[in-house]
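Okay, coords01.txt is below, compact mmCIF, C-alpha atoms:
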# COMPACT_ATOMS: atom_id res chain seq x y z
CA MET A 540 -51.57 51.23 -77.57
CA LEU A 541 -51.74 47.82 -79.24
CA LEU A 542 -48.16 46.83 -78.50
CA ASN A 543 -48.41 48.00 -74.89
CA ALA A 544 -51.56 45.93 -74.34
CA TRP A 545 -49.95 42.89 -75.90
CA LEU A 546 -46.87 43.11 -73.70
CA SER A 547 -48.70 43.90 -70.47
CA LYS A 548 -50.31 40.42 -70.49
CA LYS A 549 -53.84 41.73 -70.88
CA GLN A 550 -56.28 39.55 -72.80
CA VAL A 551 -56.46 40.72 -76.43
CA CYS A 552 -58.82 39.68 -79.22
CA VAL A 553 -57.99 40.62 -82.83
CA LEU A 554 -60.96 40.23 -85.18
CA ALA A 555 -60.42 39.72 -88.91
CA CYS A 556 -56.71 39.58 -88.12
CA GLY A 557 -55.51 38.84 -91.64
CA HIS A 558 -51.75 38.26 -91.52
CA LEU A 559 -51.53 40.20 -88.22
CA ARG A 560 -48.58 42.20 -89.53
CA GLU A 561 -48.78 44.62 -86.62
CA ALA A 562 -47.44 41.80 -84.42
CA ASP A 563 -44.34 41.29 -86.57
CA LEU A 564 -42.42 43.67 -84.30
CA LEU A 565 -42.90 41.15 -81.50
CA ILE A 566 -41.69 37.97 -83.16
CA GLY A 567 -40.30 35.64 -80.50
CA LYS A 568 -42.18 37.28 -77.60
CA ASP A 569 -44.77 35.49 -75.48
CA LEU A 570 -48.09 36.55 -77.01
CA SER A 571 -50.22 33.78 -75.50
CA ASN A 572 -52.61 36.45 -74.19
CA ILE A 573 -53.72 37.19 -77.78
CA ILE A 574 -56.36 35.38 -79.79
CA ALA A 575 -56.32 36.11 -83.51
CA VAL A 576 -59.64 35.45 -85.28
CA ASP A 577 -60.11 35.16 -89.03
CA GLN A 578 -62.20 33.03 -91.34
CA ASP A 579 -59.32 32.68 -93.80
CA PRO A 580 -57.17 29.62 -93.00
CA THR A 581 -54.33 30.91 -95.19
CA SER A 582 -54.01 34.07 -93.09
CA LEU A 583 -54.08 32.08 -89.86
CA ARG A 584 -51.45 29.69 -91.21
CA ARG A 585 -49.17 32.67 -91.88
CA VAL A 586 -49.68 33.96 -88.31
CA LYS A 587 -48.91 30.49 -86.93
CA GLU A 588 -45.73 30.19 -89.02
CA ILE A 589 -44.41 33.65 -88.19
CA HIS A 590 -45.18 33.45 -84.47
CA ASP A 591 -44.36 29.78 -84.00
CA GLY A 592 -47.68 29.07 -82.29
CA ARG A 593 -47.24 31.80 -79.64
CA ILE A 594 -50.62 33.35 -80.51
CA ARG A 595 -53.93 31.51 -80.06
CA LEU A 596 -55.81 31.21 -83.34
CA ALA A 597 -59.50 30.83 -84.11
CA GLU A 598 -60.75 30.11 -87.61
CA ALA A 599 -64.18 31.70 -87.47
CA ASN A 600 -66.49 34.39 -88.70
CA ALA A 601 -66.10 37.34 -86.32
CA ILE A 602 -69.81 37.57 -85.46
CA HIS A 603 -70.05 33.83 -84.75
CA PHE A 604 -66.87 33.94 -82.68
CA LEU A 605 -68.16 36.84 -80.58
CA ARG A 606 -71.53 35.17 -80.00
CA LYS A 607 -69.85 31.99 -78.81
CA THR A 608 -67.39 33.95 -76.66
CA ALA A 609 -70.16 36.01 -75.05
CA LYS A 610 -72.00 32.80 -74.12
CA SER A 611 -68.84 31.32 -72.61
CA GLY A 612 -68.24 34.41 -70.47
CA GLU A 613 -64.69 34.98 -71.71
CA LYS A 614 -63.67 38.68 -71.48
CA PHE A 615 -60.98 40.70 -73.19
CA ASP A 616 -59.19 43.87 -72.13
CA LEU A 617 -58.74 44.90 -75.75
CA ILE A 618 -60.83 43.91 -78.76
CA TYR A 619 -59.90 45.40 -82.08
CA SER A 620 -60.36 45.12 -85.80
CA LEU A 621 -58.48 47.22 -88.30
CA GLY A 622 -60.02 46.09 -91.56
CA MET A 623 -63.53 44.75 -91.24
CA THR A 624 -66.08 47.45 -90.48
CA ASP A 625 -65.82 49.03 -93.95
CA TYR A 626 -67.80 46.05 -95.26
CA PHE A 627 -70.59 46.27 -92.65
CA ASP A 628 -73.80 48.21 -93.15
CA SER A 629 -75.17 50.12 -90.15
CA ARG A 630 -77.21 47.20 -88.85
CA ALA A 631 -74.30 44.75 -88.99
CA MET A 632 -71.99 47.39 -87.47
CA SER A 633 -74.36 47.82 -84.52
CA LEU A 634 -74.49 44.05 -84.00
CA LEU A 635 -70.70 43.81 -84.15
CA HIS A 636 -70.27 46.60 -81.61
CA ARG A 637 -72.84 45.10 -79.21
CA LEU A 638 -71.13 41.72 -79.34
CA MET A 639 -67.71 43.30 -78.85
CA ARG A 640 -69.05 45.20 -75.84
CA ASP A 641 -70.51 41.99 -74.41
CA CYS A 642 -67.06 40.35 -74.55
CA LEU A 643 -65.23 43.32 -73.04
CA ALA A 644 -63.71 43.28 -69.55
CA PRO A 645 -64.98 46.07 -67.24
CA SER A 646 -62.14 48.49 -67.93
CA GLY A 647 -61.52 47.27 -71.47
CA THR A 648 -61.20 49.04 -74.80
CA ILE A 649 -62.57 48.43 -78.27
CA MET A 650 -60.69 49.81 -81.28
CA VAL A 651 -62.05 49.77 -84.81
CA ALA A 652 -60.92 51.46 -88.01
CA ASN A 653 -62.85 52.54 -91.08
CA PHE A 654 -61.91 54.26 -94.32
CA LEU A 655 -63.03 57.88 -94.49
CA PRO A 656 -65.25 59.23 -97.26
CA ASN A 657 -63.44 61.16 -99.99
CA HIS A 658 -59.91 60.01 -99.14
CA LEU A 659 -57.44 60.17 -102.01
CA ALA A 660 -57.66 56.51 -103.07
CA VAL A 661 -61.45 56.11 -103.12
CA GLY A 662 -61.68 56.13 -106.93
CA TRP A 663 -58.82 53.68 -107.32
CA MET A 664 -60.15 51.31 -104.65
CA ASP A 665 -63.63 51.33 -106.17
CA ALA A 666 -62.86 51.27 -109.90
CA VAL A 667 -59.64 49.29 -110.13
CA MET A 668 -59.64 47.08 -107.05
CA ASP A 669 -63.44 46.62 -107.00
CA TRP A 670 -63.59 47.31 -103.26
CA LYS A 671 -67.16 48.30 -102.46
CA LEU A 672 -66.59 49.77 -99.01
CA ILE A 673 -68.85 51.67 -96.65
CA TYR A 674 -67.06 54.88 -95.76
CA ARG A 675 -67.63 56.57 -92.38
CA ASP A 676 -66.43 59.76 -90.74
CA GLU A 677 -65.81 60.52 -87.08
CA SER A 678 -69.41 61.47 -86.31
CA GLU A 679 -70.73 58.19 -87.73
CA MET A 680 -68.22 56.17 -85.72
CA GLU A 681 -69.09 58.10 -82.57
CA ARG A 682 -72.82 57.57 -83.21
CA HIS A 683 -72.31 53.80 -83.48
CA ALA A 684 -70.44 53.80 -80.18
CA ALA A 685 -73.14 55.89 -78.46
CA GLU A 686 -75.84 53.47 -79.67
CA ILE A 687 -74.37 50.75 -77.48
CA GLY A 688 -73.59 52.97 -74.51
CA MET A 689 -69.90 53.38 -75.19
CA LYS A 690 -67.81 56.53 -75.00
CA ALA A 691 -65.84 57.16 -78.19
CA LYS A 692 -62.61 58.92 -78.99
CA THR A 693 -61.79 59.24 -82.69
CA PHE A 694 -58.67 60.19 -84.58
CA ARG A 695 -57.37 60.00 -88.14
CA ASP A 696 -54.26 58.44 -89.56
CA THR A 697 -51.65 60.84 -90.94
CA SER A 698 -52.89 60.45 -94.53
CA ASP A 699 -56.51 61.35 -93.65
CA SER A 700 -57.64 58.04 -95.11
CA ILE A 701 -58.73 56.13 -92.02
CA VAL A 702 -60.68 57.05 -88.91
CA PHE A 703 -59.93 55.09 -85.75
CA CYS A 704 -62.54 54.84 -83.02
CA GLU A 705 -61.50 53.90 -79.50
CA MET A 706 -64.47 52.91 -77.34
CA THR A 707 -64.70 52.49 -73.60
CA LYS A 708 -67.64 51.83 -71.31
CA ASP A 709 -69.29 54.92 -69.81

Could you take the file, read its structure, and then write that structure out as structure tokens?
Amino acid sequence: MLLNAWLSKKQVCVLACGHLREADLLIGKDLSNIIAVDQDPTSLRRVKEIHDGRIRLAEANAIHFLRKTAKSGEKFDLIYSLGMTDYFDSRAMSLLHRLMRDCLAPSGTIMVANFLPNHLAVGWMDAVMDWKLIYRDESEMERHAAEIGMKAKTFRDTSDSIVFCEMTKD
């Protein structure tokens, strides 16, 4: 879904993009329809180097970026984040989803990912890596989507570690 959206010239917003490794398959392509948002300048520098400036970059906190974007009226066909919601409590998650919805084009899609409770690496991530994540299952992700009037479709990755939630407007 992500690669198809990128290549079909729809407007795409990637929140907490990190190194945006999922775009590495498209090196050299015109990706000017994508804006990659992260508050880490080192990550954004890597994206700029790899994609030779073909992706718009925004150094910003995701919530602040979305607030500013909502005020400007800019809309995206796809807004996604693959590694941020695990750090958000329920209140922050609701705010994030509302702001994402407010920046979504009428037939657009939101995609978020979250680690599942009790996946095989939970102990390692917590004890060794000191990752204090908030784990959610499908029903929790669907509940967050319903709170903001979005229809949710959830699915797991093949290792049963991550739940993906695809949201569309009702």

(message) Between A:Leu634, A:Leu655, A:Ala685, A:Ala555, which residue has the minimum interatomic distance to A:Ala601, considering only C-alpha atoms?
(response) A:Ala555

(message) So the first atom is atom CA of A:Arg584 and the second is atom CA of A:Cys556; what is the distance between them in Å, to one decimal place?
(response)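 Atom CA of A:Cys556 lies at a distance of 11.6 Å from atom CA of A:Arg584.
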
(request) Would you please work out which residue, of A:Leu659, A:Leu605, A:Ala684, A:Ile594, is nearest to A:Cys642 when using only C-alpha atoms? (result)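 The answer is A:Leu605, which sits nearest to A:Cys642.
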
Give me the stretch 575-686 of chain A side of the contact with stretch 691-706 of chain A, cut-off 6 Å, one line per residue showing its nearest atom pair and distance in Å at one decimal, counting all atoms listed in the file, sorted by chain and residue number, as CSV.
residue,atom,partner,partner_atom,distance
A:Thr648,CA,A:Met706,CA,5.7
A:Ile649,CA,A:Met706,CA,5.0
A:Met650,CA,A:Glu705,CA,4.5
A:Val651,CA,A:Cys704,CA,5.4
A:Ala652,CA,A:Phe703,CA,4.4
A:Asn653,CA,A:Val702,CA,5.5
A:Phe654,CA,A:Ile701,CA,4.3
A:Leu655,CA,A:Ile701,CA,5.3
A:His658,CA,A:Ser700,CA,5.0
A:Glu681,CA,A:Ala691,CA,5.5

(request) Using atom CA of A:Met639 and atom CA of A:Lys568 as the two end points, give the distance in Å to one decimal. (result) 26.3 Å

(request) Could you tell me how far atom CA of A:Gln550 lies from atom CA of A:Lys607, in Å and to one decimal? (result)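 Pair atom CA of A:Gln550 / atom CA of A:Lys607 returns 16.7 Å.
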
(request) Pick out the closest residue to A:Leu565 from this set: A:Ala609, A:Ile589, A:Leu583, A:Ala631. Count all atoms listed in the file. (result)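 Ranked by minimum distance to A:Leu565, first place goes to A:Ile589.
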
(request) Have a look at A:Glu686, A:Glu598, A:Asp616, A:Asp591 and name the one nearest to A:His636; count all atoms listed in the file. (result) A:Glu686

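Proximity of A:Ser633, A:Asn657, A:Ser611, A:Ser620 to A:Glu679, computed with only C-alpha atoms, is greatest for A:Ser633.
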
(message) Nearest residue to A:Val553 out of A:Met623, A:Val667, A:Ile602, A:Ile574, using all atoms listed in the file?
(response)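 Nearest candidate to A:Val553 out of A:Met623, A:Val667, A:Ile602, A:Ile574: A:Ile574.
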
What does stretch 610-667 of chain A look like written to a file with C-alpha atoms, as a compact mmCIF listing (two decimals), in the first residue's frame?
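Now in result_39.txt:
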# COMPACT_ATOMS: atom_id res chain seq x y z
CA LYS A 610 -4.37 25.34 10.38
CA SER A 611 -2.85 25.75 6.92
CA GLY A 612 -5.48 23.51 5.34
CA GLU A 613 -2.98 21.16 3.70
CA LYS A 614 -4.42 17.64 3.20
CA PHE A 615 -2.82 14.27 2.65
CA ASP A 616 -4.11 11.13 0.96
CA LEU A 617 -2.00 8.96 3.25
CA ILE A 618 -0.69 9.77 6.71
CA TYR A 619 1.27 7.09 8.48
CA SER A 620 3.59 6.39 11.35
CA LEU A 621 5.23 3.04 11.93
CA GLY A 622 7.09 3.66 15.17
CA MET A 623 5.59 6.36 17.33
CA THR A 624 2.31 5.34 18.91
CA ASP A 625 3.94 2.83 21.28
CA TYR A 626 5.20 5.80 23.29
CA PHE A 627 1.82 7.57 23.52
CA ASP A 628 -0.62 7.09 26.37
CA SER A 629 -4.33 6.94 25.50
CA ARG A 630 -4.85 10.68 25.76
CA ALA A 631 -1.89 11.52 23.51
CA MET A 632 -2.93 8.77 21.08
CA SER A 633 -6.42 10.28 20.80
CA LEU A 634 -4.94 13.72 20.14
CA LEU A 635 -2.60 12.31 17.50
CA HIS A 636 -5.43 10.52 15.73
CA ARG A 637 -7.69 13.60 15.77
CA LEU A 638 -4.95 15.74 14.28
CA MET A 639 -4.16 13.12 11.65
CA ARG A 640 -7.85 12.96 10.74
CA ASP A 641 -7.99 16.76 10.46
CA CYS A 642 -5.14 16.68 7.92
CA LEU A 643 -6.62 13.84 5.87
CA ALA A 644 -8.04 14.31 2.37
CA PRO A 645 -11.68 13.15 1.98
CA SER A 646 -10.86 9.67 0.67
CA GLY A 647 -7.57 9.39 2.53
CA THR A 648 -6.09 6.72 4.79
CA ILE A 649 -4.27 6.76 8.09
CA MET A 650 -1.93 3.88 8.96
CA VAL A 651 -0.34 3.40 12.37
CA ALA A 652 1.54 0.51 13.93
CA ASN A 653 1.94 -0.55 17.54
CA PHE A 654 3.73 -3.40 19.28
CA LEU A 655 1.39 -6.09 20.57
CA PRO A 656 1.29 -7.16 24.22
CA ASN A 657 3.12 -10.40 24.99
CA HIS A 658 5.11 -10.62 21.75
CA LEU A 659 8.30 -12.66 21.97
CA ALA A 660 10.72 -9.76 22.48
CA VAL A 661 8.84 -7.85 25.19
CA GLY A 662 11.21 -8.93 27.98
CA TRP A 663 14.30 -8.14 25.94
CA MET A 664 13.00 -4.75 24.81
CA ASP A 665 12.05 -3.78 28.36
CA ALA A 666 14.97 -5.18 30.37
CA VAL A 667 17.92 -4.90 28.01
